[in-house]
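Q: Pasting a structure below so you can have a look.
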Amino acid sequence: MKAVGASLPRYDGIDHVTARSRFVDDFSLPGMLWAKAFRSPVASARIVRLDTTRAEAMPGVHAVITHADVPTNVVGHQEVWGIAPDEPLLAEHEVRFVGQLIAVVAAETEAQALDAVQAIELELEERTPFLDVRNAWDAGRPQVTPDGNVFFYYPDQPQRQIRKGNVDEAFAAADVIVEGVYRPGAIEQAPAEPAAALAIPEPNGRVTIHSTSQALYYSMDITARHLRMPMGMLKFVGGTVGGGFGGKIDTKTEPITAVLALKTQRPVKWRHTREEEMLCSTTRAAWHVEIADAVTNDGWILGRKTLTLHDAGAYMMTSAYACSKHSFHLAGAYSIPAVSFNTFVVMTNHVPTAAMRGFGVTSASFAVETHMNRIAQVIGMDPWELRLKNANRVGDSSPSRVVYGNPSTVSTLLAAAEAADVVLPPDERAMTNAKREGALLPAHLVEQQREPVTHPLVWRDNRPALEGGV
Amino acid sequence: MKLVVNGQERLVAAGPLTPLLHVLREELGLVGAKAGCQHGSCGTCTVLIDGEPRRSCLTPVGAIEGASITTAEALGDPANLSVVQAAFDEHYAAQCGFCTPGMLLAATALIERKGGPLERDEVVEALGGHYCRCTGYVKIVDAVVAASRGETGTRAPSTLEIRAVGS
């Protein structure tokens with residue numbers, strides 16, 4: 001524990017400030033080919049004809065790959081959790097979003113590769129895209145997948161649902177019902193370094209891949225499954241990543257360059273343009289969150305109902321996970337004893353969405369905190385007082401029945417008030433996270449309280465240890 | 001055509017419309033300038049052309065025949081850091097490192113041009129065309145202000161003491 005409290009040099013600090021850090025795009029090899037992508041110009045279409053003959057004959061071109069060149073073209077990002085694979089690496093009979101990969105060229109220069117991409121012939125039968133997440137169920141809406149627009153968590157249950165307490169009683173007992181709709185938009189992670197990969201075929205049949213992945217072994221697994229090769233045949237080189245923020249778990253450049261390298265037996269590099277990074281790579285999802293709260297005039301939240309529609313985009317990626325996280329956080333940092341949360345993964349013809357810094361949670365926090373202000377406005381209460389009253393205390397339990405042992409909501413709120421130069425009344429400033437009693441323990445919060453199972457951390461022989469345990 | 005790159009005369013074979021960025025990275029093997037956007041928007045490709053910070057992705061090499069180019073590789077090596085490099089390291093101004101070469105060159109040119117000490121506003125103004133997606137900029141401005149005062153060696157010495165948790 002010598003590092004805690006010390007100001008230590010970054011392990012890569014000197015390399016960064018002397019421009020010696022080597023990012024993927026900084027590597028080049030003799031005989032290296034450049035890859036360029038041919039992408040869907042429309043959001044939804046059936047592919048009628050794809051002809052790469054003319055492109056293959058262009059100067060400097062060594063290969064043009066389509067879905068037929070990928071050993072396992074459809075691989076899921078969350079198969080390990082039982083989410084069926086749905087996303088083709090290269091489009092097969094249809095395209096579902098603008099910028100979806102259809103074919104990739106490898107040529108001796110980047111300019112030659114780009115020229116060849118423009119010589120690829122594509123005939124599409126356009127379909128009406130489905131772009132508004134709110135209307136997923138409406139009759140006559142365009143269907144994004146053959147199975148409809150909504151993902152099913154279980155065969156008979158599409159939504160991620162959370163149930164706790166008696167919501168009907170809570171709403172019957174309320175003085176006022178406060179409703180709100182919140183729609184945080186999609187956000188591109190926009191790292192300074194665009195995604196890139198350099199795949200090098202090795203003489204023994206192995207492939208070395210320099211990757212910008214922020215999750216190297218995750219990307220290695222996905223690449224191995226696309227190539228239908230054991231992971232032992234792949235060597236991934238990474239770790240120097242020019243920003244990721246979630247966007248660089250998206251594993252496309254690695255398997256594409258690997259397929260091209262194996263086909264051409266040359267090193268192949270592909271770096272996204274900024275346009276590809278902004279238009280075609282995954283984003284943080286857009287969300288539609290509806291909240292209805294059963295509230296008393298003195299500022300207690302007796303119950304909450306929610307409906308969330310998550311705009312997953314055209315393929316599943318990590319959406320099921322994002323919606324589970326979202327659902328667990330829909331009470332925010334507050335104690336609400338009766339809840340009914342329903343969160344749906346809705347497929348649209350937007351770019352597929354995936355990770356970005358706390359994805360799933362930020363949309364819940366934005367909706368919940370904005371809603372707290374709305375409640376305060378409706379009942380005419382100071383928003384700090386409303387938050388401090390309902391803030392989690394020791395022994396309060398979450399919507400998924402996690403009992404809080406040492407929640408930090410009260411101390412965080414008091415620190416935020418101080419930082420914002422908000423002077424709170426003395427009784428609020430004196431609040432702590434101590435177990436509820438007296439005026440802070442109204443009848444409706446008694447039932448949800450539990451004895452937290454705590455294992456206080458103690459220091460023994462300069463190591464953290466559990467009291468009474470190892 | 002000829003360029004003077006980091007003090008050395010170099011012959012360039014690329015055509016006159018080739019961006020300086022590609023000449024540096026692909027022909028001369030100097031990869032300090034990065035291809036962040038290739039649109040002149042992000043600042044990661046910044047180099048000094050006759051001492052002025054310029055976007056190498058937007059500079060056709062034919063337009064700067066004979067010019068003197070400085071890339072981040074020439075600022076200093078690990079054993080002999082420039083004041084700006086040392087300040088960036090000490091203030092943790094380089095996080096992922098991708099924007100760092102451009103930031104270093106812009107900061108170096110700013111201090112060269114205006115001298116020191118600099119106000120924070122002047123630094124923000126001069127580095128306004130450089131995106132950083134990691135740091136939130138505060139540490140970068142801290143570093144440039146410190147460098148403009150000639151302050152290096154400011155990293156708090158490691159205490160290597162254990163602080164008791166919760167006390």
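Residues in the structure tokens are numbered from 1 in each chain, the chains being A, B, ... in the order shown, and ligands are numbered from 1 in the order shown.
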Would you give me, as a ChimeraX atom specification, the residues of chain B that come within 8 Å of chain A, using only C-alpha atoms?
A: /B:25,31-32,35-38,42,44,72-73,75-78,81,85-86,88-90,92,94-101,104,131-134,155-163
Q: Quick one: residues within 8 Å of Val141 of chain B, only C-alpha atoms counted, chain neighbours fewer than 5 positions away excluded, as a list in words?
A: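 My reading of the contact set: Arg120, Val123 and Val124 of chain B.
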Q: Could you name the residues that touch Met103 of chain B at 8 Å or less, counting only C-alpha atoms, but leaving out those on the same chain fewer than 6 positions away, as a ChimeraX atom specification?
A: /B:43-44,46,127,130
Q: Output C-alpha atoms for every residue in the selection just made, as a PDB file, in the first residue's frame.
A:
```pdb
ATOM      1  CA  GLY B  43      -5.201  19.371 -33.544  1.00  0.00           C
ATOM      2  CA  THR B  44      -3.496  15.974 -33.120  1.00  0.00           C
ATOM      3  CA  THR B  46      -0.032  19.821 -35.281  1.00  0.00           C
ATOM      4  CA  LEU B 127      -4.908  25.644 -27.222  1.00  0.00           C
ATOM      5  CA  HIS B 130      -6.812  21.065 -29.706  1.00  0.00           C
TER       6      HIS B 130
END
```
Q: Using the chain letters and numbers from this document, which residues of segment 187-257 of chain A does DSSP assign to strand (DSSP E or B), as a PyMOL selection string?
A: chain A and resi 187+196-201+207-211+234-237
Q: Please list as a ChimeraX atom specification every residue within 9 Å of Ser319 of chain A, counting only C-alpha atoms and excluding residues in the same chain fewer than 5 positions away.
A: /A:285,310-312,324,345,353-355,360
Q: Mind dumping the selected residues with C-alpha atoms as a PDB file, in the first residue's frame?
A:
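Final file, result_38.pdb:
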```pdb
ATOM      1  CA  ALA A 285     -27.922   4.653 -27.011  1.00  0.00           C
ATOM      2  CA  HIS A 310     -33.863   1.628 -25.141  1.00  0.00           C
ATOM      3  CA  ASP A 311     -32.950   2.417 -28.750  1.00  0.00           C
ATOM      4  CA  ALA A 312     -30.581  -0.493 -29.353  1.00  0.00           C
ATOM      5  CA  SER A 324     -30.483  -4.589 -16.863  1.00  0.00           C
ATOM      6  CA  VAL A 345     -34.663  -3.341 -25.712  1.00  0.00           C
ATOM      7  CA  THR A 353     -25.352   1.009 -29.671  1.00  0.00           C
ATOM      8  CA  ALA A 354     -22.914  -0.258 -27.085  1.00  0.00           C
ATOM      9  CA  ALA A 355     -20.759   0.831 -24.203  1.00  0.00           C
ATOM     10  CA  GLY A 360     -27.586   2.273 -18.948  1.00  0.00           C
TER      11      GLY A 360
END
```
Q: Between B:Ala33, B:Pro19, B:Ser68, B:Asp50, which one has atoms that come closest to Gly7 of chain B, using only C-alpha atoms?
A: B:Ser68
Q: Can you tell me, as a PDB file with N, CA and C atoms, in the first residue's frame, what residues are no more than 7 Å from Asn73 of chain A when counting only C-alpha atoms, ignoring any on the same chain fewer than 6 positions away?
A:
```
ATOM      1  N   HIS A  67     -19.101 -11.156 -47.149  1.00  0.00           N
ATOM      2  CA  HIS A  67     -19.478 -12.086 -46.070  1.00  0.00           C
ATOM      3  C   HIS A  67     -19.029 -13.513 -46.344  1.00  0.00           C
ATOM      4  N   PRO A  88     -23.976  -9.659 -38.456  1.00  0.00           N
ATOM      5  CA  PRO A  88     -22.962 -10.120 -39.405  1.00  0.00           C
ATOM      6  C   PRO A  88     -21.778  -9.157 -39.427  1.00  0.00           C
ATOM      7  N   LEU A  89     -20.571  -9.689 -39.560  1.00  0.00           N
ATOM      8  CA  LEU A  89     -19.400  -8.824 -39.702  1.00  0.00           C
ATOM      9  C   LEU A  89     -19.506  -8.055 -41.023  1.00  0.00           C
ATOM     10  N   LEU A  90     -19.893  -8.774 -42.089  1.00  0.00           N
ATOM     11  CA  LEU A  90     -20.155  -8.141 -43.386  1.00  0.00           C
ATOM     12  C   LEU A  90     -21.579  -8.524 -43.797  1.00  0.00           C
ATOM     13  N   HIS A 226     -14.961 -15.317 -35.220  1.00  0.00           N
ATOM     14  CA  HIS A 226     -15.165 -14.983 -36.641  1.00  0.00           C
ATOM     15  C   HIS A 226     -14.253 -15.826 -37.531  1.00  0.00           C
TER      16      HIS A 226
END
```
Q: Identify, on the basis of only C-alpha atoms, every residue whose closest approach to Cys57 of chain B does not exceed 7 Å; exclude the query and any residue fewer than 4 positions from it along the same chain; express the result as a PyMOL selection string.
A: chain B and resi 19-21+38-40+45
Q: I need the chosen residues saved as a short mmCIF file (atom, residue, chain, number, x, y, z; two decimals), in the first residue's frame, with N, CA and C atoms.
A:
```cif
data_model
loop_
_atom_site.label_atom_id
_atom_site.label_comp_id
_atom_site.auth_asym_id
_atom_site.auth_seq_id
_atom_site.Cartn_x
_atom_site.Cartn_y
_atom_site.Cartn_z
N PRO B 19 -0.60 15.64 -48.20
CA PRO B 19 -0.57 16.35 -46.92
C PRO B 19 0.77 16.12 -46.20
N LEU B 20 1.26 17.16 -45.59
CA LEU B 20 2.52 17.05 -44.83
C LEU B 20 2.43 15.91 -43.81
N LEU B 21 1.23 15.73 -43.21
CA LEU B 21 1.05 14.65 -42.23
C LEU B 21 1.47 13.29 -42.81
N GLN B 38 -7.96 14.25 -39.75
CA GLN B 38 -7.56 14.56 -41.13
C GLN B 38 -8.50 15.58 -41.78
N HIS B 39 -9.06 16.44 -40.94
CA HIS B 39 -9.99 17.49 -41.38
C HIS B 39 -9.57 18.85 -40.85
N GLY B 40 -8.47 18.93 -40.13
CA GLY B 40 -8.08 20.19 -39.53
C GLY B 40 -8.91 20.57 -38.31
N CYS B 45 -2.52 16.52 -35.32
CA CYS B 45 -1.48 16.45 -36.36
C CYS B 45 -0.58 17.69 -36.33
#
```
Q: Let me make sure I understand: among A:Asp115, A:Asp69, A:Asp132, A:Asp293, which one has the smallest atom-to-atom distance to Thr257 of chain A if we use only C-alpha atoms?
A: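 Closest candidate: A:Asp69.
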Q: One decimal, in Å: what's the spacing between atom CA of Asp121 of chain B and atom CA of Leu48 of chain B?
A: 22.1 Å
Q: Contacts of Glu369 of chain A at 8 Å or less, counting only C-alpha atoms, minus same-chain residues fewer than 4 places along, as a list in words?
A: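 Contacts, with the query itself left out: Gly332, Ser365 and Asn373 of chain A.
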Q: Could the residues in this selection be written to a file with N, CA and C atoms, as a short mmCIF file (atom, residue, chain, number, x, y, z; two decimals), in the first residue's frame?
A:
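The resulting file, selection21.cif, is reproduced below:
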```
data_model
loop_
_atom_site.label_atom_id
_atom_site.label_comp_id
_atom_site.auth_asym_id
_atom_site.auth_seq_id
_atom_site.Cartn_x
_atom_site.Cartn_y
_atom_site.Cartn_z
N GLY A 332 -32.77 5.62 -8.47
CA GLY A 332 -31.71 6.58 -8.15
C GLY A 332 -31.09 6.24 -6.81
N SER A 365 -30.05 7.96 -14.34
CA SER A 365 -29.73 9.06 -13.41
C SER A 365 -30.28 10.38 -13.94
N ASN A 373 -36.46 17.05 -9.43
CA ASN A 373 -36.71 18.49 -9.49
C ASN A 373 -38.17 18.77 -9.84
#
```
